[in-house]
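Engineer: This one is run_2.txt, compact mmCIF, C-alpha atoms (C1' of nucleotides).
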# COMPACT_ATOMS: atom_id res chain seq x y z
CA MET A 1204 14.09 -10.25 -19.01
CA MET A 1205 14.29 -9.37 -15.34
CA ASN A 1206 11.56 -7.28 -13.73
CA LYS A 1207 11.86 -5.55 -10.38
CA ILE A 1208 9.41 -4.28 -7.83
CA ILE A 1209 10.80 -2.20 -4.99
CA LEU A 1210 9.32 -3.43 -1.74
CA LYS A 1211 7.81 -1.08 0.80
CA GLU A 1212 6.06 -3.88 2.63
CA LYS A 1213 7.93 -6.83 4.04
CA LEU A 1214 7.61 -9.90 1.82
CA ASP A 1215 8.70 -13.43 2.65
CA LEU A 1216 8.16 -15.70 -0.35
CA GLU A 1217 8.69 -18.93 1.54
CA LEU A 1218 6.03 -18.07 4.10
CA SER A 1219 3.63 -16.57 1.60
CA LEU A 1220 3.77 -19.36 -0.94
CA PHE A 1221 4.05 -22.33 1.41
CA SER A 1222 1.64 -21.52 4.21
CA GLY A 1223 -1.22 -23.60 2.91
CA GLN A 1224 -3.06 -21.00 0.86
CA ALA A 1225 -1.55 -21.92 -2.53
CA PHE A 1226 -0.68 -25.43 -3.62
CA ARG A 1227 1.32 -25.19 -6.82
CA TRP A 1228 4.55 -23.24 -6.18
CA LYS A 1229 7.92 -24.93 -6.45
CA LYS A 1230 11.27 -23.77 -5.16
CA LYS A 1231 14.58 -24.29 -6.90
CA LEU A 1232 17.89 -22.54 -6.26
CA ASN A 1233 16.35 -19.55 -4.47
CA TRP A 1234 13.77 -19.03 -7.20
CA TYR A 1235 10.08 -19.73 -6.72
CA TYR A 1236 8.33 -21.05 -9.83
CA GLY A 1237 4.60 -20.75 -10.34
CA PHE A 1238 1.70 -18.98 -11.99
CA ILE A 1239 0.48 -15.42 -11.65
CA ASP A 1240 -2.26 -14.14 -13.95
CA ASN A 1241 -2.22 -17.60 -15.54
CA LYS A 1242 1.36 -17.20 -16.75
CA PHE A 1243 4.42 -19.14 -15.68
CA LEU A 1244 7.19 -17.17 -14.01
CA LYS A 1245 9.85 -17.29 -11.32
CA LEU A 1246 10.36 -14.97 -8.36
CA ARG A 1247 12.97 -14.13 -5.77
CA ILE A 1248 13.78 -11.41 -3.26
CA LYS A 1249 17.03 -9.54 -3.63
CA ASN A 1250 18.19 -6.25 -2.13
CA ASN A 1251 14.73 -5.37 -0.92
CA CYS A 1252 13.34 -5.92 -4.41
CA LEU A 1253 10.97 -8.54 -5.69
CA GLU A 1254 12.52 -9.79 -8.91
CA TYR A 1255 10.70 -11.91 -11.44
CA VAL A 1256 11.29 -13.47 -14.83
CA CYS A 1257 8.45 -14.64 -17.09
CA SER A 1258 8.54 -17.57 -19.45
CA ASP A 1259 6.75 -16.72 -22.74
CA ASP A 1260 4.21 -14.12 -21.79
CA TRP A 1261 4.77 -10.83 -20.10
CA VAL A 1262 3.19 -10.39 -16.67
CA ALA A 1263 2.39 -6.82 -15.72
CA GLN A 1264 3.96 -5.47 -12.54
CA ASP A 1265 0.64 -4.53 -11.02
CA LYS A 1266 -0.53 -8.15 -11.33
CA VAL A 1267 2.46 -9.34 -9.32
CA TYR A 1268 2.07 -6.49 -6.85
CA ASP A 1269 -1.59 -7.36 -6.43
CA TYR A 1270 -0.96 -11.09 -6.10
CA PHE A 1271 0.95 -10.42 -2.88
CA GLY A 1272 -1.47 -7.73 -1.76
CA LEU A 1273 1.40 -5.28 -1.41
CA GLY A 1274 -0.96 -2.34 -1.14
CA ILE A 1275 -2.07 -3.45 2.30
CA LYS A 1276 -0.11 -2.25 5.30
CA TYR A 1277 0.15 -5.19 7.66
CA ASN A 1278 1.88 -3.11 10.31
CA GLU A 1279 -1.20 -0.97 10.70
CA ILE A 1280 -3.51 -3.94 10.89
CA PHE A 1281 -1.57 -5.64 13.65
CA GLU A 1282 -0.56 -2.53 15.55
CA ASN A 1283 -4.15 -1.38 15.73
CA PHE A 1284 -5.30 -4.68 17.10
CA ASP A 1285 -4.40 -5.35 20.69
CA ASP A 1286 -4.26 -9.11 21.04
CA GLU A 1287 -1.37 -11.05 22.52
CA LEU A 1288 -1.42 -14.15 20.35
CA SER A 1289 -1.94 -12.19 17.12
CA THR A 1290 1.03 -10.00 17.98
CA VAL A 1291 3.24 -13.00 18.66
CA ALA A 1292 2.17 -14.69 15.42
CA TYR A 1293 2.75 -11.50 13.46
CA LYS A 1294 6.25 -11.03 14.82
CA LYS A 1295 7.14 -14.63 14.19
CA LEU A 1296 5.77 -14.74 10.64
CA GLN A 1297 6.53 -11.26 9.33
CA GLY A 1298 6.46 -10.99 5.58
CA MET A 1299 3.79 -13.62 5.13
CA ARG A 1300 1.19 -12.17 2.79
CA VAL A 1301 -2.34 -13.30 2.16
CA LEU A 1302 -2.36 -13.91 -1.59
CA ASN A 1303 -4.88 -12.76 -4.17
CA GLN A 1304 -4.99 -15.85 -6.32
CA ASP A 1305 -7.08 -16.62 -9.35
CA PRO A 1306 -10.59 -17.20 -7.95
CA TRP A 1307 -11.42 -20.08 -10.26
CA GLU A 1308 -8.27 -22.01 -9.41
CA CYS A 1309 -8.78 -21.17 -5.76
CA LEU A 1310 -12.35 -22.48 -5.75
CA ILE A 1311 -11.46 -25.82 -7.30
CA SER A 1312 -8.33 -26.17 -5.17
CA PHE A 1313 -10.22 -25.70 -1.93
CA ILE A 1314 -13.01 -28.06 -2.98
CA ILE A 1315 -10.25 -30.62 -3.46
CA SER A 1316 -8.70 -29.69 -0.12
CA ALA A 1317 -11.69 -30.80 1.96
CA TRP A 1318 -10.75 -33.38 4.58
CA SER A 1319 -7.40 -34.02 2.91
CA ASN A 1320 -3.78 -33.04 3.50
CA VAL A 1321 -1.50 -30.56 1.78
CA PRO A 1322 0.88 -33.00 -0.02
CA LYS A 1323 -2.07 -34.89 -1.41
CA ILE A 1324 -3.95 -31.75 -2.44
CA SER A 1325 -0.87 -30.46 -4.29
CA ASN A 1326 -0.42 -33.76 -6.04
CA THR A 1327 -4.05 -33.98 -7.18
CA ILE A 1328 -4.01 -30.42 -8.52
CA HIS A 1329 -0.72 -31.08 -10.26
CA LEU A 1330 -2.11 -34.17 -12.02
CA LEU A 1331 -5.16 -32.19 -13.12
CA CYS A 1332 -3.03 -29.39 -14.56
CA GLN A 1333 -0.61 -31.80 -16.18
CA LYS A 1334 -3.49 -33.51 -17.96
CA LEU A 1335 -5.25 -30.40 -19.25
CA GLY A 1336 -3.08 -27.34 -18.79
CA TYR A 1337 -0.98 -25.48 -21.30
CA LYS A 1338 2.70 -26.39 -20.97
CA TYR A 1339 5.25 -23.70 -20.15
CA ILE A 1340 9.00 -24.04 -19.81
CA LEU A 1341 11.34 -21.76 -17.89
CA ASP A 1342 14.96 -22.75 -17.30
CA ASP A 1343 14.65 -26.48 -16.73
CA MET A 1344 11.33 -26.20 -14.96
CA VAL A 1345 8.01 -27.20 -16.51
CA GLY A 1346 4.71 -25.60 -15.53
CA TYR A 1347 1.15 -26.41 -16.54
CA SER A 1348 -1.51 -23.73 -16.43
CA PHE A 1349 -4.70 -24.33 -14.50
CA PRO A 1350 -7.48 -25.74 -16.74
CA SER A 1351 -10.61 -23.77 -17.59
CA PRO A 1352 -14.12 -24.85 -16.53
CA ILE A 1353 -14.96 -26.22 -19.97
CA GLN A 1354 -11.78 -28.30 -20.01
CA ILE A 1355 -12.67 -29.90 -16.69
CA THR A 1356 -16.22 -30.69 -17.78
CA GLY A 1357 -14.71 -32.82 -20.53
CA LEU A 1358 -13.14 -35.21 -18.04
CA THR A 1359 -14.58 -38.61 -17.20
CA GLU A 1360 -15.20 -39.91 -13.72
CA SER A 1361 -12.40 -42.44 -14.01
CA GLU A 1362 -9.97 -39.71 -15.01
CA MET A 1363 -11.01 -37.71 -11.95
CA LYS A 1364 -10.40 -40.80 -9.88
CA SER A 1365 -6.94 -41.28 -11.35
CA PHE A 1366 -5.98 -37.84 -10.01
CA GLY A 1367 -6.81 -39.01 -6.50
CA MET A 1368 -9.80 -36.73 -6.01
CA GLY A 1369 -11.90 -39.40 -4.34
CA TYR A 1370 -15.48 -38.37 -3.68
CA ARG A 1371 -14.55 -34.74 -4.35
CA GLY A 1372 -14.30 -35.49 -8.07
CA GLN A 1373 -18.06 -35.23 -8.41
CA TYR A 1374 -18.07 -31.85 -6.71
CA VAL A 1375 -15.36 -30.55 -9.02
CA LEU A 1376 -17.18 -31.81 -12.11
CA LYS A 1377 -20.56 -30.43 -11.05
CA THR A 1378 -19.17 -27.07 -10.01
CA SER A 1379 -17.32 -26.77 -13.33
CA LYS A 1380 -20.52 -27.56 -15.21
CA ILE A 1381 -22.53 -24.96 -13.33
CA ILE A 1382 -19.89 -22.32 -13.97
CA GLU A 1383 -19.57 -23.24 -17.62
CA GLU A 1384 -23.29 -23.49 -18.36
CA ASN A 1385 -24.13 -20.24 -16.63
CA LYS A 1386 -21.08 -18.39 -17.93
CA ILE A 1387 -20.22 -17.36 -14.40
CA LEU A 1388 -17.23 -15.09 -13.96
CA LEU A 1389 -15.97 -15.39 -10.41
CA SER A 1390 -14.00 -12.19 -10.86
CA ASP A 1391 -17.35 -10.36 -10.85
CA PHE A 1392 -17.36 -10.92 -7.12
CA TYR A 1393 -14.56 -8.42 -6.64
CA ASN A 1394 -17.39 -5.92 -6.83
CA GLU A 1395 -19.81 -7.71 -4.53
CA ASP A 1396 -19.76 -7.56 -0.77
CA TYR A 1397 -18.72 -10.38 1.53
CA PHE A 1398 -22.17 -11.60 2.40
CA ASP A 1399 -23.56 -11.83 -1.15
CA SER A 1400 -20.39 -13.50 -2.41
CA LEU A 1401 -20.49 -16.04 0.41
CA LYS A 1402 -24.13 -16.85 -0.23
CA PHE A 1403 -23.43 -17.45 -3.89
CA LEU A 1404 -20.34 -19.60 -3.35
CA LEU A 1405 -22.30 -21.81 -0.95
CA THR A 1406 -24.58 -22.86 -3.82
CA PHE A 1407 -21.78 -24.88 -5.43
CA PRO A 1408 -21.54 -28.58 -4.57
CA GLY A 1409 -18.58 -29.33 -2.32
CA VAL A 1410 -18.48 -25.76 -1.05
CA GLY A 1411 -19.38 -25.28 2.59
CA ASP A 1412 -18.69 -22.39 4.93
CA LYS A 1413 -14.99 -23.16 5.31
CA VAL A 1414 -14.16 -23.59 1.61
CA ALA A 1415 -16.22 -20.53 0.67
CA ASN A 1416 -14.39 -18.39 3.20
CA CYS A 1417 -11.05 -19.65 1.87
CA VAL A 1418 -12.00 -18.57 -1.65
CA LEU A 1419 -13.13 -15.20 -0.33
CA ILE A 1420 -9.95 -14.46 1.62
CA TYR A 1421 -7.35 -16.10 -0.65
CA SER A 1422 -8.68 -14.86 -3.98
CA LEU A 1423 -11.55 -12.39 -3.79
CA LYS A 1424 -10.11 -9.80 -1.41
CA LYS A 1425 -12.79 -10.19 1.22
CA TYR A 1426 -10.43 -9.47 4.08
CA ASN A 1427 -13.03 -10.15 6.74
CA ALA A 1428 -13.62 -13.70 5.49
CA PHE A 1429 -12.73 -16.16 8.23
CA PRO A 1430 -12.27 -19.83 7.35
CA VAL A 1431 -12.67 -22.07 10.39
CA ASP A 1432 -10.80 -25.28 9.78
CA LEU A 1433 -9.55 -27.80 12.30
CA TRP A 1434 -6.59 -25.66 13.34
CA VAL A 1435 -8.48 -22.42 13.73
CA GLU A 1436 -11.18 -24.24 15.63
CA ARG A 1437 -8.61 -25.65 18.05
CA LEU A 1438 -7.13 -22.21 18.39
CA LEU A 1439 -10.47 -20.59 19.18
CA VAL A 1440 -11.25 -23.22 21.79
CA GLU A 1441 -7.81 -23.61 23.36
CA ASP A 1442 -6.55 -20.04 23.20
CA TYR A 1443 -9.67 -17.89 23.11
CA GLY A 1444 -11.89 -19.91 25.40
CA LEU A 1445 -14.74 -20.65 23.01
CA ASN A 1446 -17.05 -23.52 23.83
CA LYS A 1447 -16.06 -26.57 21.82
CA LYS A 1448 -19.70 -27.28 21.09
CA MET A 1449 -20.36 -23.93 19.46
CA SER A 1450 -21.24 -24.51 15.79
CA LEU A 1451 -18.64 -23.82 13.14
CA ILE A 1452 -20.63 -20.94 11.70
CA ASN A 1453 -20.94 -19.31 15.10
CA LYS A 1454 -17.22 -19.76 15.64
CA ARG A 1455 -16.64 -18.07 12.30
CA LYS A 1456 -18.94 -15.21 13.23
CA TRP A 1457 -17.25 -14.85 16.58
CA GLY A 1458 -13.86 -14.62 14.85
CA GLN A 1459 -15.07 -12.00 12.42
CA ASN A 1460 -16.55 -9.96 15.22
CA TYR A 1461 -13.50 -10.23 17.49
CA PHE A 1462 -10.74 -9.81 14.91
CA GLY A 1463 -12.61 -7.22 12.87
CA LYS A 1464 -12.30 -5.84 9.38
CA TYR A 1465 -9.11 -7.74 8.57
CA SER A 1466 -9.99 -10.90 10.45
CA GLY A 1467 -9.06 -13.03 7.44
CA ILE A 1468 -5.48 -11.78 7.40
CA ILE A 1469 -5.13 -12.23 11.14
CA GLN A 1470 -6.68 -15.67 10.79
CA HIS A 1471 -3.99 -16.70 8.33
CA TYR A 1472 -1.25 -15.71 10.76
CA LEU A 1473 -2.91 -17.51 13.63
CA PHE A 1474 -3.62 -20.56 11.49
CA HIS A 1475 -0.06 -20.89 10.32
CA TYR A 1476 1.38 -20.12 13.73
CA LYS A 1477 -0.79 -22.72 15.41
CA ARG A 1478 0.06 -25.35 12.83
CA LYS A 1479 3.75 -24.64 12.79
CA TYR A 1480 4.66 -23.92 16.39
CA ASN A 1481 1.87 -24.94 18.68
CA HIS A 1482 0.50 -28.33 17.75
C1' DG B 1389 -32.20 -24.34 12.15
C1' DG B 1390 -29.06 -27.66 14.38
C1' DT B 1391 -26.54 -32.47 14.98
C1' DG B 1392 -24.16 -37.02 13.99
C1' DG B 1393 -22.17 -40.26 10.59
C1' DA B 1394 -20.31 -41.56 6.31
C1' DC B 1395 -16.98 -40.62 3.10
C1' DC B 1396 -12.27 -41.53 -1.26
C1' DT B 1397 -7.66 -41.73 -0.62
C1' DG B 1398 -2.71 -41.30 0.22
C1' DG B 1399 0.63 -39.51 3.63
C1' DC B 1400 2.44 -40.39 7.93
C1' DT B 1401 3.70 -42.83 12.10
C1' DA B 1402 4.03 -46.68 15.16
C1' DC C 20 6.75 -54.03 5.46
C1' DT C 21 1.74 -53.38 7.09
C1' DA C 22 -1.95 -51.56 9.82
C1' DG C 23 -4.32 -47.91 11.41
C1' DC C 24 -4.89 -43.16 12.02
C1' DC C 25 -5.58 -38.78 10.15
C1' DA C 26 -6.27 -34.93 7.06
C1' DG C 27 -7.30 -26.96 5.82
C1' DG C 28 -15.10 -30.48 5.50
C1' DT C 29 -19.45 -31.30 3.16
C1' DC C 30 -23.59 -33.66 2.59
C1' DC C 31 -27.57 -35.97 4.01
C1' DA C 32 -30.74 -38.08 7.07
As structure tokens, please, write out the structure in this file.
Structural biologist:
Amino acid sequence: MMNKIILKEKLDLELSLFSGQAFRWKKKLNWYYGFIDNKFLKLRIKNNCLEYVCSDDWVAQDKVYDYFGLGIKYNEIFENFDDELSTVAYKKLQGMRVLNQDPWECLISFIISAWSNVPKISNTIHLLCQKLGYKYILDDMVGYSFPSPIQITGLTESEMKSFGMGYRGQYVLKTSKIIEENKILLSDFYNEDYFDSLKFLLTFPGVGDKVANCVLIYSLKKYNAFPVDLWVERLLVEDYGLNKKMSLINKRKWGQNYFGKYSGIIQHYLFHYKRKYNH
DNA sequence: GGTGGACCTGGCTA
DNA sequence: CTAGCCAGGTCCA
């Protein structure tokens, strides 16, 4: 059954799903296949509507709406912020939304992402899901749900290695154990502020300032989170005149201070713009 | 508190 | 085809 959401905000699925914030979406014949609220579905844009079809389980409209953060008015954010490069990036990448992904999947995905590259990250996550996830079928596409913490704790080191996790395998295992043993619900951090959430995320092995800020901006709605990766660092030095030697944390703080309340959303535009157009 | 190396591994490019 | 470089960083000394 087809579901429709009328769009008031601009939404570009290609840019939103393939700008390096999510790693598991697949495109086929104008449909984008993936998981929202842990259920397999497909999406497309048609006549200013976001259309989606679920596989087995129903996905509520507000979950899809929320996944793309459609309640946030990007026009206001960028119009109220007078900065040349941000404006250029915004115009060039209109419709790119910062996603609100599942925090657990996001945490593990970004631990895996450290010092790696997107094709490899996607492949590793895919192998993990294929091994443990629940299998869904929609049309001729197969999807595997993201495994729970307790499922991951059951894996052996050699299995982790076979997914291509490298040294990150230990981090993923340990983090899963901590979450499982302490019955931690990452969704509780929707109600905590940025600083407390950051402090807590940093206690997990394999989670440093960059990964923590990714989890905060791409899943926990902390819109002032500001991940400083290689690209953003280059951008801050080359385009905003920061001293190369400034520490990563101070670069992050500078970004949050300069770009303001929605610095994380602006960051994502600048990040993708820099990577795509301005090597 | 801040700094410099080491680090699994596969994709990518010469 | 193969070598060598590089990648959405983190940890530890």
Engineer: Go through chain C and flag each residue having an atom no more than 6 Å from chain A; for those, report the closest pair of atoms plus their distance in Å to one decimal, using only C-alpha atoms (C1' of nucleotides), ordered by chain and rising number, as a tab-separated table.
Structural biologist:
residue	atom	partner	partner_atom	distance
C:DA26	C1'	A:Ser1319	CA	4.4
C:DG27	C1'	A:Asp1432	CA	5.5
C:DG28	C1'	A:Ala1317	CA	4.9
C:DT29	C1'	A:Gly1409	CA	5.9
Engineer: Mind giving me the straight-line distance from C1' of DC20 in chain C to C1' of DC1400 in chain B in Å, one decimal?
Structural biologist: 14.5 Å
Engineer: Using all atoms listed in the file and a distance of at most 7 Å, pull out the residues of chain A that contact chain B, as an mmCIF file with C-alpha atoms, keeping the file's coordinate frame.
Structural biologist:
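As a result, result_37.cif now contains:
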data_model
loop_
_atom_site.group_PDB
_atom_site.id
_atom_site.type_symbol
_atom_site.label_atom_id
_atom_site.label_comp_id
_atom_site.auth_asym_id
_atom_site.auth_seq_id
_atom_site.Cartn_x
_atom_site.Cartn_y
_atom_site.Cartn_z
ATOM 1 C CA LYS A 1323 -2.070 -34.890 -1.410
ATOM 2 C CA GLY A 1367 -6.810 -39.010 -6.500
ATOM 3 C CA GLY A 1369 -11.900 -39.400 -4.340
ATOM 4 C CA TYR A 1370 -15.480 -38.370 -3.680
#
Engineer: Distance CA of Ser1390 in chain A-CA of Ile1239 in chain A, one decimal place?
Structural biologist: 14.9 Å
Engineer: Counting only C-alpha atoms (C1' of nucleotides), what is within 12 Å of Lys1386 in chain A, bar same-chain residues fewer than 6 positions away, as a PyMOL selection string?
Structural biologist: chain A and resi 1351-1353+1378-1380
Engineer: Would you mind reading off the distance between CA of Leu1273 in chain A and CA of Lys1425 in chain A, one decimal, in Å?
Structural biologist: 15.2 Å
Engineer: Around range 1396-1401 of chain B, fit a box with edges along x, y and z, padding it by 6 Å on each side, then list its centre and edge lengths in Å to one decimal as JSON.
Structural biologist:
{"center_x": -4.3, "center_y": -41.2, "center_z": 5.4, "size_x": 28.0, "size_y": 15.3, "size_z": 25.4}
Engineer: Could you name the residues that touch Lys1207 in chain A at 7 Å or less, counting only C-alpha atoms (C1' of nucleotides), but leaving out those on the same chain fewer than 6 positions away, as an MDAnalysis selection string?
Structural biologist: chainID A and resid 1252:1255
Engineer: Determine the nearest neighbour of Tyr1293 in chain A from the options A:Asp1391, A:Glu1441, A:Glu1279, A:Asp1305, counting all atoms listed in the file.
Structural biologist: A:Glu1279
Engineer: With all atoms listed in the file counted, which protein, DNA or RNA residues have an atom no more than 12 Å from (-0.4, -1.9, 10.6) in the file frame? Please answer as JSON, numbers by chain.
Structural biologist: {"A": [1212, 1213, 1274, 1275, 1276, 1277, 1278, 1279, 1280, 1281, 1282, 1283, 1284, 1285, 1290, 1293, 1297, 1465, 1468, 1469]}
Engineer: Could you take the residues named above and write them with C-alpha atoms, as an mmCIF file, in the coordinates of the input?
Structural biologist:
data_model
loop_
_atom_site.group_PDB
_atom_site.id
_atom_site.type_symbol
_atom_site.label_atom_id
_atom_site.label_comp_id
_atom_site.auth_asym_id
_atom_site.auth_seq_id
_atom_site.Cartn_x
_atom_site.Cartn_y
_atom_site.Cartn_z
ATOM 1 C CA GLU A 1212 6.060 -3.880 2.630
ATOM 2 C CA LYS A 1213 7.930 -6.830 4.040
ATOM 3 C CA GLY A 1274 -0.960 -2.340 -1.140
ATOM 4 C CA ILE A 1275 -2.070 -3.450 2.300
ATOM 5 C CA LYS A 1276 -0.110 -2.250 5.300
ATOM 6 C CA TYR A 1277 0.150 -5.190 7.660
ATOM 7 C CA ASN A 1278 1.880 -3.110 10.310
ATOM 8 C CA GLU A 1279 -1.200 -0.970 10.700
ATOM 9 C CA ILE A 1280 -3.510 -3.940 10.890
ATOM 10 C CA PHE A 1281 -1.570 -5.640 13.650
ATOM 11 C CA GLU A 1282 -0.560 -2.530 15.550
ATOM 12 C CA ASN A 1283 -4.150 -1.380 15.730
ATOM 13 C CA PHE A 1284 -5.300 -4.680 17.100
ATOM 14 C CA ASP A 1285 -4.400 -5.350 20.690
ATOM 15 C CA THR A 1290 1.030 -10.000 17.980
ATOM 16 C CA TYR A 1293 2.750 -11.500 13.460
ATOM 17 C CA GLN A 1297 6.530 -11.260 9.330
ATOM 18 C CA TYR A 1465 -9.110 -7.740 8.570
ATOM 19 C CA ILE A 1468 -5.480 -11.780 7.400
ATOM 20 C CA ILE A 1469 -5.130 -12.230 11.140
#
